[in-house]
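Let me begin by presenting the structure, written as structure tokens, before commenting on it.
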Amino acid sequence: MTAPHIKSVAIIGGGTAGWMVAAALARTLDTRDVSVTLVESEQIGTVGVGEATIPNIIQFNQMLGIDEPSFMKETGATFKLGIEFDGWETEGKSYFHPFGKHGVDMEGVSFHQYWVRMARAGKSTDSFPPIEDFSLSAVAAKHGTFSLPDNNPRSILSQMGYAYQFDASRYAALLRKYAEARGITRVEGKVVEVTKAPLTGRIASVTLEDKAVIAADLYIDCTGFRALLTEKTLGSAYEDWSQWLPCNSAVAAVCEKSANTLNYTKATARAAGWQWKIPLQHRTGNGYVYCNDYISDDEAASVLTANMDGPPMADIKQLRFTTGRRKNLWVKNCVALGLSGGFLEPLESTSIYLIQAGITKLLALFPDTDFCETAIAEYNRIMSLEFEQVRDFLILHYVVTKRSGEPFWDYMRTMDIPDSLARKIDLFKNRGHFFRYDGELFTETSWVAVFLGQGLIPQDYNPVIQSVPQPALRDSLRSMHTSIQKAAGSLPKHHDFLAKYCPAEF
Amino acid sequence: MKQIIVIGGGVAAAMSAAWIARMMPRASHTVTWLKSDEPSDFSFYEAGSELDEINKLFKISTGGFIHAGGGLPILGHKYTGRGADHIRPLGGYGTLMGGAAFHHILLRSGRSTALSNLTGYSAAASLAAAGKFAPGGEHKDGLLSTFNVGYTLRPERYAAQLEQAAKGLGVQVRAADSFHIERDKTGRVAVVNGVNCDLLVDTRRADKGALSLWDGVPGMATDGEETARRSMPAQPLITCARQGGETQVTLPLQGADITLTLSPNAEPVFGHASEPWTQNTIKVGEAAARIPAVSGFAMRMLTQDLARLTSLMPAQFTDPIEAVEYNRITAPTYNRLRDYLALHFSVGTPQLSLQALPEMAAAKYTLFSARGRFPVLDNEAFLNFDFINLFMGEAVIPRDYDIMAHAMSEDQIAAQLGRLETAIAQFVGKAPDYADLMTRMMQRNAA
């Protein structure tokens with residue numbers, strides 16, 4: 001006997017998470033059979049997370065059938081080839097975490113092993129070109145050039161990987177237009193009460209300020225840090241990860257765009273955290289993420305404004321958060337998405353990805369009205385892993401640092417870290433070994449970029465590659481280096497590409 | 001100079017020796033294979049398409065491998081004796097439609113999901129049913145989807161091919177009737193049969209006491225029985241005939257069939273070692289796990305273990321940190337194989353009990369039977385089609401389908417299914433007859 005299908009979904013909260021899930025449901029559900037209602041209040045502002053993204057967002061837009069140039073025009077988007085990390089190893093040193101691969105793997109062995117061998121063969125590892133010089137995306141970022149990847153795997157352009165930097169509130173607006181055109185109903189209102197069904201303990205309805213009652217089979221909690229449904233009503237606990245990711249505040253401001261729009265995000269280490277710079281077509285987003293045990297809010301705001309390309313165009317926004325995740329993101333008939341599910345600081349632009357992952361898995365395990373416990377347990381298992389794997393990658397940036405003499409960095413450098421991360425660091429330190437767990441978001445390229453970029457050079461390399469004679473290897477890497485430099489230099493300038501492909505329409 | 005010693009015989013030992021010699025630099029590593037006569041390794045009578053890559057590594061051509069290995073290329077398995085006869089190809093049925101998996105589309109449109117009714121939607125199954133053959137891989141017409149070619153083989157002959165490759169790669173091969181293993185005071189292996197040892201690769205068949213045995217997986221009732229056959233088999237298929245709880249696996253070789261019987265009444269012998277790498281000894285092949293002759297899993301696990309070993313080859317062999325990582329990854333891989341086999345031998349039988357299944361196997365069954373889904377776990381050696389073919393082959397019909405299947409209208413579904421059937425029928429129509437093709441190939445190779 002099959003349980004009745006879900007006939008109604010209520011998304012509580014708009015913003016990026018709310019409208020992303022609304023759009024995805026509009027695309028996949030037959031909205032003649034299933035009613036989807038999104039409740040949001042203009043009185044409650046949105047955080048507008050994730051102006052910078054990672055490449056997975058491309059698949060999300062493709063799934064919705066959103067055309068890339070139109071999306072970029074409407075959101076003032078720029079292309080993002082990776083992130084430049086400045087001052088993370090020591091003050092004044094920077095490295096690039098690119099999208100797309102480093103070099104070419106040979107004989108089934110990862111490229112970085114060959115790089116380590118050559119770098120170790122010189123007088124010092126600094127005398128060999130950095131590994132990012134073997135990444136087309138990283139070199140194109142340095143040249144300020146861009147081209148879409150080539151589908152032909154034999155073309156060097158096939159190695160180009162990219163994501164977007166965009167205006168999150170405009171993205172939410174675009175998705176709202178998309179979802180409403182496909183039958184999603186938006187209700188303006190503030191939730192004042194959530195009622196549970198006495199027998200099942202499931203959410204039965206939400207009541208709005210104007211006394212309107214909205215009842216649904218399935219609820220999506222997009223109420224941000226308040227987690228009105230998942231935590232306040234259903235009691236799902238939050239797991240605090242502040243011991244590893246202690247930054248708990250951010251100040252954010254926008255300024256005029258710079259003359260040449262960068263095709264990457266910049267993350268600069270500061271005394272009590274780090275500062276982001278996200279260039280869009282019409283403005284530049286800036287923010288300082290910090291731990292308020294080590295710096296006051298006012299000081300943080302001063303540091304931010306002193307390090308922007310221009311004066312703030314609007315008031316400086318202040319945010320408070322606790323890094324961590326909800327232990328169970330899906331409880332009974334309610335799924336937490338976005339900030340209500342957890343928050344990891346935006347260092348690697350994973351906020352939108354974690355929403356996307358939650359949506360994809362919700363669609364894959366979409367329930368019936370019996371809310372199969374096995375499916376709920378599976379959702380919670382996979383999403384917990386997603387959060388933990390991203391958490392480990394973020395901690396890596398802080399723990400593999402040589403910054404010292406600053407209380408914040410001294411704590412970060414010496415703190416106890418999760419065993420899962422300690423194992424990865426030990427393996428890499430020893431012989432550059434790296435194992436990506438199945439389903440893990442960040443690739444070997446990403447981990448290697450941070451390891452090597454922050455000066456963690458393996459003591460040795462995999463002996464498997466010793467059989468390649470060193471002169472032949474040197475020639476091979478030299479030729480790879482040359483062709484990447486040439487290819488990146490010959491591409492169109494990023495701002496010219498934007499002007500032709502997707503100029504902002506506002 | 002690091003001394004790596006491989007002990008044992010058969011495919012696992014030969015491949016380990018050849019693989020390590022191929023991967024490790026000769027200037028700093030020597031590989032010695034102390035070769036013993038081991039009992040026949042029946043689980044190695046079949047291999048999947050991963051063998052193509054392995055053979056390429058050893059410069060063994062596909063034609064040369066088939067000719068000398070004594071086996072044949074196959075496209076899947078034919079299951080008989082319980083429910084309707086059906087083919088489980090080395091690939092999936094149908095194709096993704098509107099972002100939804102094929103079985104969801106069938107369920108949504110009210111069509112049968114029994115594999116016996118779906119032959120026309122799989123190029124590999126259609127070829128096999130018609131007694132035809134074509135190479136696998138990506139085909140130009142995306143509608144044909146992807147299928148793989150596997151192989152049957154005579155393990156002793158393939159081991160001989162690998163031994164030649166190993167010798168060509170500098171492996172010292174010495175016959176050994178027995179092994180005298182000397183350990184240092186820390187317990188690590190220092191000398192084997194008088195040869196100094198930095199790393200010992202043990203491929204000898206494990207005693208069942210050394211393994212965590214897999215509940216619900218039948219034992220071997222009979223060893224391989226060979227029946228001569230004059231002509232080529234009519235279909236590129238391995239037959240799995242089920243009767244009661246027994247499964248009789250018949251593998252077509254050149255000039256003969258090999259038949260093995262698995263029975264729940266036979267002594268349980270299949271299982272895996274929980275810590276395959278301790279100190280400087282690593283167990284691979286039948287030392288790491290005893291695996292029944294199902295779908296070439298033994299070969300798949302062997303090649304995966306060897307790839308993992310070389311990618312984690314440590315700098316020093318005294319309690320290397322890599323061993324911890326190797327064991328951490330390997331244990332769940334074998335647990336997932338155990339889960340698959342527990343499902344393989346219980347789904348579709350009256351003996352199926354969710355309580356008796358390992359937890360994640362039960363979760364897979366529950367989720368599939370509810371809505372055609374299954375969790376994909378870390379370190380699984382399986383592809384989605386392995387599970388879909390298993391469940392649909394055993395007539396597990398999900399009670400509902402995925403919402404993604406709503407993306408296409410009934411008319412669109414009917415049109416796409418029609419196009420798929422036509423494309424596959426045309427493809428099969430042009431393909432050569434399997435028996436003829438194999439006969440010609442053998443004659444050419446013999447010449």
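Quick note on naming: the chains in the structure tokens go A, B, ... in the order shown, residues restart at 1 in each chain, and ligands are numbered from 1 in order of appearance.
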
| task | Output as a ChimeraX atom specification all residues of stretch 71-272 of chain A that backbone DSSP marks as strand (DSSP E or B). | result | /A:78-80,82-86,94-98,106,109,145,163-165,185-188,191-196,203-208,213-214,218-221,238-240,249-255,265-270

| request: Give me the residues within 6 Å of A:Cys255 as an NGL selection string, counting only C-alpha atoms and dropping any in the same chain fewer than 3 places off. | output: :A and (283-284 or 310-313)

Could those selected residues go to a file with N, CA, C and O atoms, as a PDB file, in the first residue's frame?
ATOM      1  N   ARG A 283      29.405  46.479  -9.091  1.00  0.00           N
ATOM      2  CA  ARG A 283      29.962  46.915  -7.814  1.00  0.00           C
ATOM      3  C   ARG A 283      30.920  45.849  -7.305  1.00  0.00           C
ATOM      4  O   ARG A 283      31.023  44.769  -7.895  1.00  0.00           O
ATOM      5  N   THR A 284      31.580  46.158  -6.216  1.00  0.00           N
ATOM      6  CA  THR A 284      32.451  45.163  -5.598  1.00  0.00           C
ATOM      7  C   THR A 284      31.952  44.895  -4.181  1.00  0.00           C
ATOM      8  O   THR A 284      31.722  45.835  -3.419  1.00  0.00           O
ATOM      9  N   GLY A 310      37.312  51.515  -2.665  1.00  0.00           N
ATOM     10  CA  GLY A 310      36.661  52.825  -2.649  1.00  0.00           C
ATOM     11  C   GLY A 310      35.798  52.918  -1.411  1.00  0.00           C
ATOM     12  O   GLY A 310      35.676  51.960  -0.651  1.00  0.00           O
ATOM     13  N   PRO A 311      35.178  54.085  -1.190  1.00  0.00           N
ATOM     14  CA  PRO A 311      34.338  54.238   0.004  1.00  0.00           C
ATOM     15  C   PRO A 311      33.071  53.396  -0.093  1.00  0.00           C
ATOM     16  O   PRO A 311      32.608  53.107  -1.207  1.00  0.00           O
ATOM     17  N   PRO A 312      32.494  53.000   1.039  1.00  0.00           N
ATOM     18  CA  PRO A 312      31.270  52.204   0.992  1.00  0.00           C
ATOM     19  C   PRO A 312      30.139  52.973   0.307  1.00  0.00           C
ATOM     20  O   PRO A 312      29.994  54.174   0.494  1.00  0.00           O
ATOM     21  N   MET A 313      29.347  52.258  -0.517  1.00  0.00           N
ATOM     22  CA  MET A 313      28.235  52.893  -1.221  1.00  0.00           C
ATOM     23  C   MET A 313      26.974  52.893  -0.357  1.00  0.00           C
ATOM     24  O   MET A 313      25.984  53.513  -0.710  1.00  0.00           O
TER      25      MET A 313
END

| field | At most 6 Å to chain B: residues in chain A, only C-alpha atoms, as number ranges by chain | value | A: 28, 438, 464, 466-467

| message | I'd like the neighbourhood of B:Glu226 as a list in words, where a residue qualifies if any of its atoms comes within 10 Å (using only C-alpha atoms), though same-chain residues fewer than 2 positions away should be ignored. | response | Asp223, Gly224, Ala228, Arg229, Thr250, Leu251, Pro252, Leu253, Gly255, Ala256, Asp257, Ile258, Thr259 and Leu260 of chain B

Those residues you just picked out, can you put them in a file as a PDB file, in the first residue's frame with C-alpha atoms?
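That gives us result-v9.pdb:
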ATOM      1  CA  ASP B 223      34.502 -26.777  -7.415  1.00  0.00           C
ATOM      2  CA  GLY B 224      34.671 -26.025 -11.108  1.00  0.00           C
ATOM      3  CA  ALA B 228      33.757 -30.014 -23.276  1.00  0.00           C
ATOM      4  CA  ARG B 229      31.914 -28.137 -26.010  1.00  0.00           C
ATOM      5  CA  THR B 250      28.100 -21.741 -16.017  1.00  0.00           C
ATOM      6  CA  LEU B 251      30.934 -19.831 -17.632  1.00  0.00           C
ATOM      7  CA  PRO B 252      31.531 -20.330 -21.348  1.00  0.00           C
ATOM      8  CA  LEU B 253      35.194 -20.780 -22.240  1.00  0.00           C
ATOM      9  CA  GLY B 255      35.867 -25.335 -26.141  1.00  0.00           C
ATOM     10  CA  ALA B 256      34.349 -25.968 -22.723  1.00  0.00           C
ATOM     11  CA  ASP B 257      31.997 -24.733 -20.054  1.00  0.00           C
ATOM     12  CA  ILE B 258      32.964 -24.458 -16.397  1.00  0.00           C
ATOM     13  CA  THR B 259      30.199 -24.981 -13.877  1.00  0.00           C
ATOM     14  CA  LEU B 260      30.393 -23.948 -10.216  1.00  0.00           C
TER      15      LEU B 260
END

| message | Would you pick out the contacts of stretch 381-386 of chain A at 7 Å or less, using only C-alpha atoms, so that residues sharing its chain but fewer than 3 positions from it are not included, and give the list as a PyMOL selection string? | response | chain A and resi 358+377-378+389-390+440

Pull N, CA, C and O atoms from the residues just selected and write them as a PDB file, in the first residue's frame.
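Produced file result07.pdb, reproduced below:
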ATOM      1  N   GLY A 358      21.484  20.338  -0.577  1.00  0.00           N
ATOM      2  CA  GLY A 358      20.275  19.999   0.180  1.00  0.00           C
ATOM      3  C   GLY A 358      19.087  19.813  -0.754  1.00  0.00           C
ATOM      4  O   GLY A 358      18.289  18.877  -0.584  1.00  0.00           O
ATOM      5  N   ALA A 377      16.675   9.292   7.299  1.00  0.00           N
ATOM      6  CA  ALA A 377      17.993   8.978   7.877  1.00  0.00           C
ATOM      7  C   ALA A 377      19.073   9.094   6.809  1.00  0.00           C
ATOM      8  O   ALA A 377      20.182   9.581   7.072  1.00  0.00           O
ATOM      9  N   GLU A 378      18.763   8.677   5.603  1.00  0.00           N
ATOM     10  CA  GLU A 378      19.738   8.740   4.515  1.00  0.00           C
ATOM     11  C   GLU A 378      20.059  10.198   4.173  1.00  0.00           C
ATOM     12  O   GLU A 378      21.210  10.568   3.986  1.00  0.00           O
ATOM     13  N   GLN A 389      32.734  17.466   5.590  1.00  0.00           N
ATOM     14  CA  GLN A 389      33.835  17.501   4.623  1.00  0.00           C
ATOM     15  C   GLN A 389      34.199  18.950   4.264  1.00  0.00           C
ATOM     16  O   GLN A 389      35.375  19.286   4.146  1.00  0.00           O
ATOM     17  N   VAL A 390      33.191  19.791   4.119  1.00  0.00           N
ATOM     18  CA  VAL A 390      33.477  21.207   3.848  1.00  0.00           C
ATOM     19  C   VAL A 390      34.175  21.823   5.065  1.00  0.00           C
ATOM     20  O   VAL A 390      35.150  22.565   4.926  1.00  0.00           O
ATOM     21  N   GLU A 440      32.778  13.587  -1.928  1.00  0.00           N
ATOM     22  CA  GLU A 440      33.350  14.786  -1.309  1.00  0.00           C
ATOM     23  C   GLU A 440      33.359  15.926  -2.315  1.00  0.00           C
ATOM     24  O   GLU A 440      33.727  15.747  -3.471  1.00  0.00           O
TER      25      GLU A 440
END

| said: I'd like the neighbourhood of stretch 180-187 of chain B as an MDAnalysis selection string, where a residue qualifies if any of its atoms comes within 12 Å (using only C-alpha atoms), though same-chain residues fewer than 6 positions away should be ignored. | reply: chainID B and resid 5 7 34 193:200 202 278:281 318:319

Selected residues, C-alpha atoms, written as a short mmCIF file (atom, residue, chain, number, x, y, z; two decimals), in the first residue's frame, please.
data_model
loop_
_atom_site.label_atom_id
_atom_site.label_comp_id
_atom_site.auth_asym_id
_atom_site.auth_seq_id
_atom_site.Cartn_x
_atom_site.Cartn_y
_atom_site.Cartn_z
CA ILE B 5 58.27 -9.96 -1.89
CA ILE B 7 54.12 -14.91 -2.03
CA LEU B 34 58.09 -16.68 -4.39
CA ASN B 193 62.84 -18.04 2.35
CA GLY B 194 66.23 -16.42 2.81
CA VAL B 195 65.34 -13.24 0.89
CA ASN B 196 65.45 -9.93 2.78
CA CYS B 197 62.04 -8.32 2.85
CA ASP B 198 60.89 -4.71 3.26
CA LEU B 199 57.31 -5.31 2.19
CA LEU B 200 55.53 -8.65 2.01
CA ASP B 202 50.70 -12.12 0.76
CA THR B 278 49.58 -4.82 9.28
CA GLN B 279 53.15 -3.66 9.84
CA ASN B 280 54.96 -4.52 6.61
CA THR B 281 52.60 -7.25 5.39
CA THR B 318 57.67 0.04 9.60
CA ASP B 319 54.12 0.73 10.70
#

| said: Report, in Å to a single decimal, how far apart atom CA of B:Gly8 and atom CA of B:Tyr334 are. | reply: 21.4 Å

| field | Spatial neighbours of A:Gly65, 12 Å, only C-alpha atoms, chain gap at least 2 places, as a count of residues only | value | 19

| task | Determine, counting only C-alpha atoms, which protein, DNA and RNA residues have an atom within 8 Å of an atom of A:Lys101; residues of the same chain fewer than 3 positions away are not included. Present the result as a ChimeraX atom specification. | result | /A:98,104,135-136,159-161,445

| task | Could you pull out the residues in stretch 92-179 of chain B that DSSP calls alpha helix (DSSP H) from the backbone, as number ranges by chain? | result | B: 102-108, 123-129, 155-168

| query | Which value, in Å to one decimal, gives the distance between atom CA of A:Phe371 and atom CA of A:Thr185? | reply |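 Distance between the two atoms: 23.9 Å.
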
| query | Out of A:Ile376, A:Ala504, A:Ile457, A:Ala272, which residue has the shortest atom-to-atom distance to A:Glu406 when counting only C-alpha atoms? | reply | A:Ala272

| query | Can you tell me how far atom CA of A:Gln243 sits from atom CA of A:Arg326, in Å to one decimal? | reply |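 Interatomic distance, atom CA of A:Gln243 to atom CA of A:Arg326: 15.9 Å.
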
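Shortest separation to B:Met441 among B:Ala17, B:Met232, B:Ala293, B:Val11 occurs at residue B:Met232, atoms counted being only C-alpha atoms.
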